Amino acid sequence: MIFFCEDCGAKNDLGEADFNAGKAVFRCCSCQYMNSYPVPGAWNKIDILLKKIQFHPEIMGIFLYHGKKGIITNHMPQILTPADLEVLGRYLSRSYLAALSHYSDIHEAMIAISDKYITIQRIGLDLFLFVVSTTLPLPEVIKELLISARKKDNGNDFF
């Protein structure tokens, strides 16, 4: 996406990494002026992550659960109601945190229900990503996306 510097008018070509929480934030390539533009509908890093994960045919659904705010994003099949997801999010994130209190090197958990697999990934202080898939293990591309999200965040919440 092309943005022009507020100070000198130079053209700056931005990638998805330059968008955060609905803003384009960048230092001008010409004059080094720090620009910040609100961009309605711009993808934040969570939206980008979700779209990349959902693209794979093995993925049945995905949702974000925040420990204090509840369900943030829901891209799950209609058979599960928001109340169902709220209960899943609450109990599975608590189970994850309980395990983490005993084993500090846990980065994800997986639960098998029938022929479906739920992978739980903590991507923020109180933020959990739930990925429901038909295969085990998750494809390497998705694993790398989850690892990347965990490394970029460094324990802070996206919200």
# chains A, B, ... in the order shown; residues from 1 in each chain; ligands from 1
>>> residues_around(residues="Lys69 of chain A", least_positions_apart="3", cutoff="10 Å", atoms="only C-alpha atoms", output="PyMOL selection string")
chain A and resi 65-66+72+126-127+159
>>> closest_residue(among="A:Met60, A:Ile123, A:Leu80, A:Ala149", to="Thr135 of chain A", atoms="only C-alpha atoms")
A:Met60
>>> select_by_dssp(residues="segment 1-156 of chain A", states="alpha helix (DSSP H)", output="VMD selection string")
chain A and resid 45 to 54 82 to 102 140 to 153
>>> residues_around(residues="Lys116 of chain A", least_positions_apart="5", cutoff="9 Å", atoms="only C-alpha atoms", output="list in words")
Met60, Ile111, Val132, Ser133, Thr134, Thr135 and Leu136 of chain A
>>> closest_residue(among="A:Met110, A:Leu88, A:Met76, A:Leu125", to="Phe63 of chain A", atoms="only C-alpha atoms")
A:Met76
>>> select_by_dssp(residues="chain A", states="strand (DSSP E)", output="compact mmCIF listing (two decimals) with C-alpha atoms, in the first residue's frame")
# COMPACT_ATOMS: atom_id res chain seq x y z
CA ILE A 2 1.35 3.45 -0.89
CA PHE A 3 1.41 6.30 1.66
CA PHE A 4 2.81 9.79 1.23
CA LYS A 11 6.08 8.07 -1.63
CA ASN A 12 6.42 5.18 0.85
CA ASP A 13 5.44 1.62 -0.01
CA PHE A 19 0.07 -1.81 10.10
CA ASN A 20 -0.87 -2.07 13.75
CA LYS A 23 -2.88 2.54 11.84
CA ALA A 24 -0.13 2.81 9.29
CA VAL A 25 2.98 3.80 11.24
CA PHE A 26 6.18 4.38 9.32
CA ARG A 27 9.34 6.47 9.08
CA MET A 34 7.66 9.53 11.67
CA ASN A 35 4.17 9.25 10.12
CA SER A 36 1.05 7.75 11.67
CA TYR A 37 -2.13 7.49 9.63
CA PRO A 38 -5.40 5.99 10.88
CA ILE A 59 -8.37 -25.88 9.52
CA MET A 60 -12.02 -26.17 10.52
CA GLY A 61 -12.19 -23.03 12.60
CA ILE A 62 -10.34 -20.55 14.74
CA PHE A 63 -11.21 -18.23 17.58
CA LEU A 64 -9.52 -15.81 19.96
CA TYR A 65 -10.30 -15.82 23.65
CA HIS A 66 -9.25 -13.08 26.06
CA GLY A 70 -14.11 -13.26 26.52
CA ILE A 71 -14.41 -14.18 22.83
CA ILE A 72 -12.66 -11.58 20.65
CA THR A 73 -12.92 -13.15 17.19
CA ASN A 74 -14.98 -16.14 16.13
CA HIS A 75 -14.43 -18.01 12.87
CA GLU A 108 0.94 -24.74 23.25
CA ALA A 109 -1.52 -27.44 24.23
CA MET A 110 -3.55 -29.81 22.10
CA ILE A 111 -6.81 -31.55 22.89
CA ALA A 112 -8.32 -34.33 20.79
CA ILE A 113 -12.10 -34.66 20.64
CA LYS A 116 -10.99 -33.02 15.74
CA TYR A 117 -7.92 -31.45 17.30
CA ILE A 118 -7.90 -28.17 19.22
CA THR A 119 -4.54 -26.44 19.52
CA ILE A 120 -4.30 -23.72 22.16
CA GLN A 121 -1.61 -21.10 21.76
CA ARG A 122 -1.02 -18.25 24.18
CA LEU A 127 -4.96 -13.74 24.90
CA PHE A 128 -5.32 -17.28 23.54
CA LEU A 129 -5.68 -18.53 20.00
CA PHE A 130 -7.68 -21.73 19.45
CA VAL A 131 -7.18 -23.58 16.17
CA VAL A 132 -9.47 -26.51 15.34
CA SER A 133 -8.07 -28.87 12.72
>>> closest_residue(among="A:Ser95, A:Gln32, A:Ser104, A:Thr81", to="Asp7 of chain A", atoms="only C-alpha atoms")
A:Gln32
>>> closest_residue(among="A:Ile79, A:Leu85, A:Ile53, A:Met1", to="Glu140 of chain A", atoms="only C-alpha atoms")
A:Ile53
>>> atom_distance(atom1="atom CA of Gly67 of chain A", atom2="atom CA of Ala83 of chain A")
14.6 Å
>>> closest_residue(among="A:Glu86, A:Asp105, A:Glu58, A:Asp115", to="Ile142 of chain A", atoms="only C-alpha atoms")
A:Glu58
>>> closest_residue(among="A:Glu144, A:Ser93, A:Cys8, A:Val39", to="Gly124 of chain A", atoms="only C-alpha atoms")
A:Ser93
>>> atom_distance(atom1="atom CA of Gln78 of chain A", atom2="atom CA of Ile46 of chain A")
21.8 Å
>>> atom_distance(atom1="atom CA of Ala10 of chain A", atom2="atom CA of Cys31 of chain A")
8.1 Å
